[in-house]
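Visitor: If it helps, the file is called entry.cif and holds mmCIF, C-alpha atoms:
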data_target
loop_
_atom_site.label_atom_id
_atom_site.label_comp_id
_atom_site.auth_asym_id
_atom_site.auth_seq_id
_atom_site.Cartn_x
_atom_site.Cartn_y
_atom_site.Cartn_z
CA MET A 152 -8.43 -60.97 15.15
CA PRO A 153 -6.47 -58.26 17.02
CA ALA A 154 -8.15 -54.88 17.28
CA ASN A 155 -5.13 -52.93 16.09
CA LYS A 156 -3.01 -54.31 13.33
CA ALA A 157 0.71 -53.65 13.55
CA LYS A 158 1.87 -51.12 10.99
CA PRO A 159 4.34 -52.45 8.47
CA ALA A 160 7.87 -51.24 8.98
CA ALA A 161 8.96 -48.50 6.63
CA SER A 162 11.37 -49.52 3.92
CA PRO A 163 14.95 -48.20 4.07
CA GLU A 164 14.24 -45.93 1.11
CA VAL A 165 11.20 -44.34 2.81
CA ALA A 166 13.13 -43.92 6.06
CA SER A 167 15.95 -42.26 4.16
CA GLN A 168 13.51 -39.85 2.49
CA ARG A 169 12.02 -38.97 5.88
CA ARG A 170 15.45 -38.25 7.35
CA ALA A 171 16.29 -36.09 4.33
CA ALA A 172 13.01 -34.20 4.73
CA TRP A 173 13.69 -33.56 8.41
CA ALA A 174 17.22 -32.44 7.58
CA LEU A 175 15.81 -29.89 5.13
CA VAL A 176 13.10 -28.68 7.51
CA MET A 177 15.17 -28.38 10.68
CA PRO A 178 17.27 -25.29 9.71
CA ALA A 179 14.17 -23.24 8.93
CA THR A 180 12.44 -24.55 12.06
CA LEU A 181 15.38 -23.65 14.29
CA TYR A 182 15.61 -20.24 12.62
CA PHE A 183 11.92 -19.66 13.33
CA LEU A 184 12.22 -20.78 16.96
CA VAL A 185 15.33 -18.73 17.72
CA LEU A 186 14.33 -15.48 16.01
CA LEU A 187 10.55 -15.45 16.47
CA ALA A 188 9.11 -17.99 18.88
CA VAL A 189 11.65 -17.52 21.67
CA PRO A 190 11.40 -13.68 21.70
CA LEU A 191 7.60 -13.90 21.72
CA VAL A 192 7.64 -16.29 24.66
CA LEU A 193 10.06 -14.05 26.54
CA THR A 194 7.89 -11.02 25.78
CA PHE A 195 4.84 -12.82 27.14
CA VAL A 196 6.71 -13.82 30.29
CA LEU A 197 7.86 -10.20 30.73
CA SER A 198 4.25 -8.98 30.41
CA LEU A 199 3.26 -11.08 33.43
CA HIS A 200 5.65 -9.28 35.78
CA GLY A 201 4.72 -6.32 37.94
CA PHE A 202 6.14 -2.79 37.80
CA ASP A 203 7.07 -0.34 40.54
CA PRO A 204 6.44 3.25 39.29
CA ASN A 205 8.45 4.73 42.15
CA SER A 206 11.69 2.93 41.47
CA GLY A 207 10.98 2.13 37.81
CA GLY A 208 11.90 -1.49 38.44
CA ILE A 209 10.34 -4.75 37.31
CA LEU A 210 8.84 -6.76 40.15
CA PRO A 211 9.18 -10.56 40.37
CA THR A 212 5.43 -10.97 40.89
CA VAL A 213 3.40 -12.79 38.25
CA SER A 214 -0.14 -11.70 37.35
CA LEU A 215 -2.43 -10.67 34.50
CA GLN A 216 -2.91 -7.16 35.85
CA HIS A 217 -1.46 -5.44 32.79
CA TYR A 218 -3.86 -7.30 30.50
CA VAL A 219 -6.75 -6.37 32.80
CA ASP A 220 -5.67 -2.71 32.60
CA ILE A 221 -5.60 -2.84 28.79
CA VAL A 222 -9.03 -4.47 28.57
CA THR A 223 -10.73 -2.20 31.09
CA ASP A 224 -9.13 1.19 30.31
CA SER A 225 -10.93 3.35 27.72
CA TYR A 226 -7.58 4.96 26.85
CA PHE A 227 -6.36 1.72 25.32
CA TYR A 228 -9.73 1.13 23.64
CA GLU A 229 -9.33 4.43 21.81
CA ILE A 230 -5.79 3.59 20.72
CA PHE A 231 -6.69 0.12 19.46
CA LEU A 232 -9.78 1.42 17.66
CA ARG A 233 -7.71 4.16 15.99
CA THR A 234 -5.15 1.56 14.90
CA LEU A 235 -7.79 -0.77 13.46
CA LEU A 236 -9.55 2.05 11.59
CA LEU A 237 -6.23 3.26 10.23
CA SER A 238 -5.34 -0.28 9.09
CA ALA A 239 -8.71 -0.76 7.40
CA GLY A 240 -8.53 2.63 5.66
CA VAL A 241 -4.98 2.10 4.40
CA THR A 242 -5.87 -1.38 3.17
CA LEU A 243 -8.92 -0.10 1.27
CA LEU A 244 -6.93 2.72 -0.36
CA CYS A 245 -4.11 0.33 -1.31
CA VAL A 246 -6.66 -1.92 -3.02
CA LEU A 247 -8.27 0.99 -4.88
CA VAL A 248 -4.88 2.31 -6.02
CA GLY A 249 -2.79 -0.84 -6.35
CA VAL A 250 -5.19 -3.10 -8.30
CA PRO A 251 -5.79 -0.74 -11.28
CA GLU A 252 -2.12 0.22 -11.22
CA ALA A 253 -0.99 -3.39 -11.43
CA TYR A 254 -3.51 -4.14 -14.20
CA PHE A 255 -2.45 -1.18 -16.34
CA LEU A 256 1.20 -2.04 -15.84
CA PHE A 257 0.46 -5.62 -16.90
CA ARG A 258 -1.26 -4.41 -20.09
CA MET A 259 1.69 -2.18 -21.07
CA ARG A 260 4.29 -3.26 -23.57
CA ASP A 261 8.03 -3.35 -23.02
CA PRO A 262 10.12 -1.29 -22.45
CA TRP A 263 7.51 1.00 -20.89
CA ARG A 264 6.14 -1.76 -18.67
CA SER A 265 9.55 -2.56 -17.21
CA LEU A 266 10.35 1.12 -16.69
CA CYS A 267 7.04 1.90 -14.95
CA LEU A 268 7.30 -1.25 -12.84
CA VAL A 269 10.73 -0.18 -11.63
CA LEU A 270 9.36 3.27 -10.78
CA VAL A 271 6.47 1.74 -8.80
CA LEU A 272 8.62 -0.74 -6.91
CA GLY A 273 11.63 1.57 -6.57
CA PRO A 274 10.46 3.05 -3.23
CA LEU A 275 10.88 -0.41 -1.68
CA LEU A 276 14.63 0.11 -2.05
CA ILE A 277 14.49 3.23 0.13
CA SER A 278 14.18 3.15 3.90
CA VAL A 279 10.70 3.70 5.34
CA VAL A 280 12.16 6.40 7.61
CA VAL A 281 13.58 8.30 4.64
CA ARG A 282 10.28 8.17 2.76
CA THR A 283 8.39 9.27 5.86
CA LEU A 284 10.76 12.20 6.41
CA GLY A 285 10.14 13.16 2.79
CA TRP A 286 6.41 13.30 3.48
CA SER A 287 7.11 15.40 6.58
CA ILE A 288 8.93 17.92 4.41
CA LEU A 289 6.16 17.94 1.80
CA LEU A 290 3.30 18.32 4.29
CA GLY A 291 4.93 20.77 6.71
CA ARG A 292 3.60 24.28 7.26
CA GLU A 293 6.37 25.60 5.03
CA GLY A 294 6.51 22.50 2.85
CA LEU A 295 6.03 22.17 -0.88
CA VAL A 296 2.28 21.47 -0.69
CA ASN A 297 1.45 24.46 1.52
CA THR A 298 3.76 26.72 -0.48
CA ALA A 299 2.04 25.74 -3.74
CA LEU A 300 -1.44 26.21 -2.29
CA THR A 301 -0.52 29.62 -0.90
CA LYS A 302 1.04 30.87 -4.15
CA LEU A 303 -1.96 29.66 -6.15
CA GLY A 304 -4.23 31.61 -3.82
CA LEU A 305 -6.20 28.55 -2.78
CA VAL A 306 -5.52 29.14 0.92
CA ASP A 307 -4.69 32.26 2.92
CA HIS A 308 -2.67 30.54 5.60
CA PRO A 309 -0.70 27.28 5.62
CA LEU A 310 -2.82 24.27 6.44
CA GLN A 311 -2.10 21.94 9.35
CA MET A 312 -1.41 18.71 7.47
CA LEU A 313 1.12 17.04 9.73
CA PHE A 314 0.02 15.27 12.90
CA THR A 315 -3.33 14.30 11.36
CA MET A 316 -4.88 10.95 10.53
CA GLY A 317 -5.08 11.91 6.86
CA ALA A 318 -1.34 12.57 6.64
CA VAL A 319 -0.52 9.25 8.33
CA THR A 320 -2.89 7.43 5.96
CA VAL A 321 -1.38 9.01 2.84
CA ALA A 322 2.18 8.24 3.97
CA LEU A 323 1.35 4.62 4.81
CA VAL A 324 -0.43 4.10 1.48
CA HIS A 325 2.68 5.38 -0.30
CA VAL A 326 4.82 2.98 1.73
CA LEU A 327 2.63 -0.12 1.30
CA VAL A 328 0.96 0.18 -2.12
CA PRO A 329 3.98 -1.43 -3.89
CA LEU A 330 3.33 -4.59 -1.87
CA MET A 331 -0.26 -4.63 -3.13
CA VAL A 332 0.98 -4.15 -6.69
CA LEU A 333 3.37 -7.09 -6.27
CA SER A 334 0.62 -9.37 -4.95
CA VAL A 335 -1.79 -8.49 -7.75
CA TRP A 336 0.99 -8.70 -10.34
CA THR A 337 1.67 -12.30 -9.26
CA SER A 338 -1.96 -13.21 -9.94
CA LEU A 339 -1.95 -11.36 -13.25
CA THR A 340 1.02 -13.39 -14.49
CA ARG A 341 -1.15 -16.51 -14.14
CA LEU A 342 -4.05 -14.90 -15.99
CA ASP A 343 -5.02 -16.69 -19.20
CA PRO A 344 -5.55 -14.04 -21.91
CA ALA A 345 -7.56 -16.50 -23.98
CA VAL A 346 -10.42 -16.36 -21.47
CA ALA A 347 -10.72 -12.59 -21.78
CA HIS A 348 -10.50 -12.81 -25.58
CA ALA A 349 -13.23 -15.46 -25.60
CA ALA A 350 -15.48 -13.24 -23.50
CA ARG A 351 -14.90 -10.30 -25.87
CA SER A 352 -15.65 -12.49 -28.91
CA LEU A 353 -18.95 -13.50 -27.29
CA GLY A 354 -20.04 -9.86 -27.06
CA ALA A 355 -18.94 -8.86 -23.53
CA GLY A 356 -17.76 -5.27 -23.12
CA ARG A 357 -14.53 -4.24 -21.44
CA PRO A 358 -16.19 -3.44 -18.07
CA THR A 359 -17.95 -6.82 -18.10
CA VAL A 360 -14.73 -8.65 -18.93
CA MET A 361 -12.93 -6.81 -16.16
CA TRP A 362 -15.67 -7.48 -13.58
CA ARG A 363 -16.72 -11.03 -14.54
CA VAL A 364 -13.51 -12.53 -15.93
CA VAL A 365 -10.36 -10.69 -14.80
CA LEU A 366 -11.33 -9.69 -11.27
CA PRO A 367 -12.30 -13.21 -10.06
CA GLN A 368 -8.97 -14.56 -11.31
CA ILE A 369 -6.87 -11.92 -9.55
CA THR A 370 -8.93 -12.01 -6.33
CA PRO A 371 -6.39 -14.28 -4.53
CA GLY A 372 -3.69 -11.68 -5.15
CA ILE A 373 -5.95 -8.90 -3.87
CA LEU A 374 -6.78 -10.85 -0.72
CA SER A 375 -3.17 -11.78 0.04
CA GLY A 376 -2.07 -8.20 -0.57
CA SER A 377 -4.84 -6.94 1.72
CA LEU A 378 -3.70 -9.22 4.52
CA ILE A 379 -0.09 -8.08 4.15
CA VAL A 380 -1.01 -4.39 4.09
CA PHE A 381 -3.38 -4.70 7.05
CA ALA A 382 -0.85 -6.55 9.21
CA LEU A 383 1.99 -4.14 8.39
CA THR A 384 -0.21 -1.08 8.99
CA ALA A 385 -1.44 -2.36 12.34
CA SER A 386 2.14 -2.84 13.53
CA ALA A 387 3.66 0.21 11.81
CA PHE A 388 5.79 2.44 14.02
CA ALA A 389 8.06 4.78 12.05
CA THR A 390 5.42 6.44 9.89
CA PRO A 391 2.83 7.05 12.65
CA ALA A 392 5.57 8.28 15.00
CA LEU A 393 7.06 10.78 12.52
CA ILE A 394 3.88 11.92 10.76
CA GLY A 395 1.36 11.50 13.57
CA GLY A 396 3.56 12.89 16.32
CA ARG A 397 3.01 12.45 20.05
CA ARG A 398 -0.70 13.22 20.05
CA LEU A 399 -1.90 10.81 17.37
CA LYS A 400 -0.91 7.55 19.05
CA VAL A 401 -1.33 4.06 17.68
CA VAL A 402 -0.60 0.75 19.38
CA ALA A 403 3.02 0.50 18.23
CA THR A 404 3.92 4.01 19.38
CA THR A 405 2.11 3.44 22.69
CA ALA A 406 4.15 0.30 23.35
CA TYR A 407 7.31 2.25 22.44
CA ASP A 408 6.42 4.98 24.94
CA GLU A 409 5.88 2.43 27.68
CA PHE A 410 9.23 0.81 26.98
CA LEU A 411 11.37 3.93 26.68
CA GLY A 412 9.20 6.69 28.17
CA THR A 413 7.82 5.41 31.45
CA LEU A 414 10.16 2.36 31.44
CA ASN A 415 7.15 0.15 32.16
CA TRP A 416 8.45 -2.78 30.18
CA PRO A 417 5.79 -5.29 31.38
CA LEU A 418 2.94 -3.03 30.23
CA GLY A 419 4.68 -2.38 26.90
CA ALA A 420 5.13 -6.14 26.43
CA ALA A 421 1.46 -6.72 27.26
CA ILE A 422 0.39 -4.12 24.67
CA ALA A 423 2.59 -5.83 22.04
CA ILE A 424 1.12 -9.26 22.86
CA VAL A 425 -2.46 -7.96 22.69
CA LEU A 426 -1.73 -6.33 19.32
CA LEU A 427 -0.33 -9.63 18.04
CA VAL A 428 -3.36 -11.60 19.24
CA VAL A 429 -5.84 -9.10 17.77
CA ASN A 430 -3.95 -9.10 14.48
CA VAL A 431 -3.92 -12.89 14.30
CA LEU A 432 -7.62 -13.16 15.17
CA ILE A 433 -8.69 -10.58 12.57
CA ILE A 434 -6.51 -12.02 9.81
CA SER A 435 -7.50 -15.63 10.59
CA GLY A 436 -11.20 -14.75 10.70
CA TYR A 437 -10.94 -12.75 7.48
CA ASN A 438 -9.10 -15.56 5.73
CA ARG A 439 -11.52 -18.25 6.96
CA ALA A 440 -14.60 -16.26 5.97
CA LEU A 441 -13.24 -15.71 2.47
CA GLU A 442 -12.26 -19.37 2.11
CA LYS A 443 -15.81 -20.44 3.01
CA ARG A 444 -17.28 -17.95 0.56
CA PHE A 445 -15.09 -19.07 -2.34
CA THR A 446 -15.60 -22.74 -1.48
CA ARG A 447 -19.37 -22.21 -1.55
CA ARG A 448 -19.15 -20.32 -4.83
CA LEU A 449 -16.85 -22.79 -6.57
CA GLY A 450 -18.56 -25.82 -5.12
#
Is it possible to express this structure as structure tokens?

Guide:
Amino acid sequence: MPANKAKPAASPEVASQRRAAWALVMPATLYFLVLLAVPLVLTFVLSLHGFDPNSGGILPTVSLQHYVDIVTDSYFYEIFLRTLLLSAGVTLLCVLVGVPEAYFLFRMRDPWRSLCLVLVLGPLLISVVVRTLGWSILLGREGLVNTALTKLGLVDHPLQMLFTMGAVTVALVHVLVPLMVLSVWTSLTRLDPAVAHAARSLGAGRPTVMWRVVLPQITPGILSGSLIVFALTASAFATPALIGGRRLKVVATTAYDEFLGTLNWPLGAAIAIVLLVVNVLIISGYNRALEKRFTRRLG
């Protein structure tokens, strides 16, 4: 008998379904390649070129020198560490604020639930730059917060709130917490109320029901929201640039300075590629670790 049997030819109906599937997939695939994959490849190619600081021109040489500089320079270590700590802190605060907020909104009755949901998600309709400028006005030395603290006698002199890590964190939480609410809300819509009612009828208190019944069912929404918030915070530019200023640099603002400040486009491209790789590695590792944990728990 032959080692490999010939595969039977696909029927005309199956072949037609495959062609239809490819016809449906190709527009999205081409869109992805043109708007994402091709720019990323070009950015990587740009990062391999050299740079002449005297003339400010890009050299035709090809090397990994810019990546070596990023890996070996403590200046970039500090910037990447600050960005990762900022992303982790913003993600944690968004979970602590967004999960209870989404749960309480879900437990409300109409029309109050619809009204409060619109108020929570309304900031998504406003530009991030506009919201960040609003926080700049609030947290300035003569802003509303300092004015209120001074008039109440809580402080003698205006506090320095802008250009601090705390101010950047608060502004980013305000920008991104609606995305966490949306992710958790999606999980809550699939929540079976009968399970919670059954737990209450068996003698479980409200904290026990929340911890043992509700929280495990909305965990996928919390995890997906955490990944979204972390990725957007790590790559955020407008809020750190306007609230953090020139001194409090993160990776995105550093790449911007290299592109438009020193005109070192290859180094700026290398910083952007390293940020992308670090983001992908952290998110993939986080997602894989959680999948293993839930698979082990659920059997």

Visitor: Written as a VMD selection string, what is the full residue list that the PyMOL selection byres ((chain A and resi 337-341) around 6) yields on the file shown?

Guide: chain A and resid 334 to 336 342 369 372

Visitor: Calculate how many Å separate atom CA of A:Ile394 from atom CA of A:Ser287, rounding to one decimal.

Guide: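 A separation of 6.3 Å between them.
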
Visitor: Where does the PyMOL selection byres ((chain A and resi 410-419) around 8) land in this file, that is, which residues does it pick, as a PyMOL selection string?

Guide: chain A and resi 197-202+204+207+209+217+405-409+420-423

Visitor: Mind dumping the selected residues with C-alpha atoms as a PDB file, keeping the file's coordinate frame?

Guide:
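Final output, saved to result25.pdb:
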ATOM      1  CA  LEU A 197       7.860 -10.200  30.730  1.00  0.00           C
ATOM      2  CA  SER A 198       4.250  -8.980  30.410  1.00  0.00           C
ATOM      3  CA  LEU A 199       3.260 -11.080  33.430  1.00  0.00           C
ATOM      4  CA  HIS A 200       5.650  -9.280  35.780  1.00  0.00           C
ATOM      5  CA  GLY A 201       4.720  -6.320  37.940  1.00  0.00           C
ATOM      6  CA  PHE A 202       6.140  -2.790  37.800  1.00  0.00           C
ATOM      7  CA  PRO A 204       6.440   3.250  39.290  1.00  0.00           C
ATOM      8  CA  GLY A 207      10.980   2.130  37.810  1.00  0.00           C
ATOM      9  CA  ILE A 209      10.340  -4.750  37.310  1.00  0.00           C
ATOM     10  CA  HIS A 217      -1.460  -5.440  32.790  1.00  0.00           C
ATOM     11  CA  THR A 405       2.110   3.440  22.690  1.00  0.00           C
ATOM     12  CA  ALA A 406       4.150   0.300  23.350  1.00  0.00           C
ATOM     13  CA  TYR A 407       7.310   2.250  22.440  1.00  0.00           C
ATOM     14  CA  ASP A 408       6.420   4.980  24.940  1.00  0.00           C
ATOM     15  CA  GLU A 409       5.880   2.430  27.680  1.00  0.00           C
ATOM     16  CA  ALA A 420       5.130  -6.140  26.430  1.00  0.00           C
ATOM     17  CA  ALA A 421       1.460  -6.720  27.260  1.00  0.00           C
ATOM     18  CA  ILE A 422       0.390  -4.120  24.670  1.00  0.00           C
ATOM     19  CA  ALA A 423       2.590  -5.830  22.040  1.00  0.00           C
TER      20      ALA A 423
END

Visitor: Spell out the residues picked by the PyMOL selection byres ((chain A and resi 274) around 12) here, as an mmCIF file with C-alpha atoms, keeping the file's coordinate frame.

Guide:
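Result saved to selection.cif:
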data_model
loop_
_atom_site.group_PDB
_atom_site.id
_atom_site.type_symbol
_atom_site.label_atom_id
_atom_site.label_comp_id
_atom_site.auth_asym_id
_atom_site.auth_seq_id
_atom_site.Cartn_x
_atom_site.Cartn_y
_atom_site.Cartn_z
ATOM 1 C CA LEU A 268 7.300 -1.250 -12.840
ATOM 2 C CA VAL A 269 10.730 -0.180 -11.630
ATOM 3 C CA LEU A 270 9.360 3.270 -10.780
ATOM 4 C CA VAL A 271 6.470 1.740 -8.800
ATOM 5 C CA LEU A 272 8.620 -0.740 -6.910
ATOM 6 C CA GLY A 273 11.630 1.570 -6.570
ATOM 7 C CA LEU A 275 10.880 -0.410 -1.680
ATOM 8 C CA LEU A 276 14.630 0.110 -2.050
ATOM 9 C CA ILE A 277 14.490 3.230 0.130
ATOM 10 C CA SER A 278 14.180 3.150 3.900
ATOM 11 C CA VAL A 279 10.700 3.700 5.340
ATOM 12 C CA VAL A 280 12.160 6.400 7.610
ATOM 13 C CA VAL A 281 13.580 8.300 4.640
ATOM 14 C CA ARG A 282 10.280 8.170 2.760
ATOM 15 C CA THR A 283 8.390 9.270 5.860
ATOM 16 C CA GLY A 285 10.140 13.160 2.790
ATOM 17 C CA VAL A 324 -0.430 4.100 1.480
ATOM 18 C CA HIS A 325 2.680 5.380 -0.300
ATOM 19 C CA VAL A 326 4.820 2.980 1.730
ATOM 20 C CA LEU A 327 2.630 -0.120 1.300
ATOM 21 C CA VAL A 328 0.960 0.180 -2.120
ATOM 22 C CA PRO A 329 3.980 -1.430 -3.890
ATOM 23 C CA LEU A 330 3.330 -4.590 -1.870
#

Visitor: At a cut-off of 12 Å, using only C-alpha atoms, what residues contact A:Val402? Leave out same-chain residues fewer than 6 positions from it and give the result as a VMD selection string.

Guide: chain A and resid 221 226 to 238 384 to 388 391 to 392 408 to 409 419 to 427 429 to 430

Visitor: Just to be explicit: take each residue in the selection above, keep C-alpha atoms, and write the result as a PDB file, in the frame of the given file.

Guide:
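The new file again_7.pdb reads:
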ATOM      1  CA  ILE A 221      -5.600  -2.840  28.790  1.00  0.00           C
ATOM      2  CA  TYR A 226      -7.580   4.960  26.850  1.00  0.00           C
ATOM      3  CA  PHE A 227      -6.360   1.720  25.320  1.00  0.00           C
ATOM      4  CA  TYR A 228      -9.730   1.130  23.640  1.00  0.00           C
ATOM      5  CA  GLU A 229      -9.330   4.430  21.810  1.00  0.00           C
ATOM      6  CA  ILE A 230      -5.790   3.590  20.720  1.00  0.00           C
ATOM      7  CA  PHE A 231      -6.690   0.120  19.460  1.00  0.00           C
ATOM      8  CA  LEU A 232      -9.780   1.420  17.660  1.00  0.00           C
ATOM      9  CA  ARG A 233      -7.710   4.160  15.990  1.00  0.00           C
ATOM     10  CA  THR A 234      -5.150   1.560  14.900  1.00  0.00           C
ATOM     11  CA  LEU A 235      -7.790  -0.770  13.460  1.00  0.00           C
ATOM     12  CA  LEU A 236      -9.550   2.050  11.590  1.00  0.00           C
ATOM     13  CA  LEU A 237      -6.230   3.260  10.230  1.00  0.00           C
ATOM     14  CA  SER A 238      -5.340  -0.280   9.090  1.00  0.00           C
ATOM     15  CA  THR A 384      -0.210  -1.080   8.990  1.00  0.00           C
ATOM     16  CA  ALA A 385      -1.440  -2.360  12.340  1.00  0.00           C
ATOM     17  CA  SER A 386       2.140  -2.840  13.530  1.00  0.00           C
ATOM     18  CA  ALA A 387       3.660   0.210  11.810  1.00  0.00           C
ATOM     19  CA  PHE A 388       5.790   2.440  14.020  1.00  0.00           C
ATOM     20  CA  PRO A 391       2.830   7.050  12.650  1.00  0.00           C
ATOM     21  CA  ALA A 392       5.570   8.280  15.000  1.00  0.00           C
ATOM     22  CA  ASP A 408       6.420   4.980  24.940  1.00  0.00           C
ATOM     23  CA  GLU A 409       5.880   2.430  27.680  1.00  0.00           C
ATOM     24  CA  GLY A 419       4.680  -2.380  26.900  1.00  0.00           C
ATOM     25  CA  ALA A 420       5.130  -6.140  26.430  1.00  0.00           C
ATOM     26  CA  ALA A 421       1.460  -6.720  27.260  1.00  0.00           C
ATOM     27  CA  ILE A 422       0.390  -4.120  24.670  1.00  0.00           C
ATOM     28  CA  ALA A 423       2.590  -5.830  22.040  1.00  0.00           C
ATOM     29  CA  ILE A 424       1.120  -9.260  22.860  1.00  0.00           C
ATOM     30  CA  VAL A 425      -2.460  -7.960  22.690  1.00  0.00           C
ATOM     31  CA  LEU A 426      -1.730  -6.330  19.320  1.00  0.00           C
ATOM     32  CA  LEU A 427      -0.330  -9.630  18.040  1.00  0.00           C
ATOM     33  CA  VAL A 429      -5.840  -9.100  17.770  1.00  0.00           C
ATOM     34  CA  ASN A 430      -3.950  -9.100  14.480  1.00  0.00           C
TER      35      ASN A 430
END

Visitor: I need the residue nearest A:Gly294 from this list: A:Pro309, A:Gly240, A:Gly395, A:Gly436. Use all atoms listed in the file for the distance.

Guide: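 Nearest to A:Gly294: A:Pro309.
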
Visitor: Can you tell me how far atom CA of A:Val306 sits from atom CA of A:Gly291, in Å to one decimal?

Guide: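 We find that atom CA of A:Val306 and atom CA of A:Gly291 lie 14.6 Å from each other.
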
Visitor: If I take atom CA of A:Thr390 and atom CA of A:Leu284, how far is one from the other in Å, to one decimal?

Guide: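 Straight-line distance from atom CA of A:Thr390 to atom CA of A:Leu284 works out to 8.6 Å.
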
Visitor: Go through A:Cys267, A:Leu383, A:Met177, A:Ala350 and flag the residue nearest A:Ile434, using all atoms listed in the file for the distances.

Guide: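 Once distances to A:Ile434 are computed over all atoms listed in the file, the minimum belongs to A:Leu383.
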
Visitor: Which residue out of A:Thr242, A:Ser214, A:Asn205, A:Asn297 has the minimum interatomic distance to A:Thr320 when all atoms listed in the file are used?

Guide: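 Between A:Thr242, A:Ser214, A:Asn205, A:Asn297, the residue approaching A:Thr320 most closely is A:Thr242.
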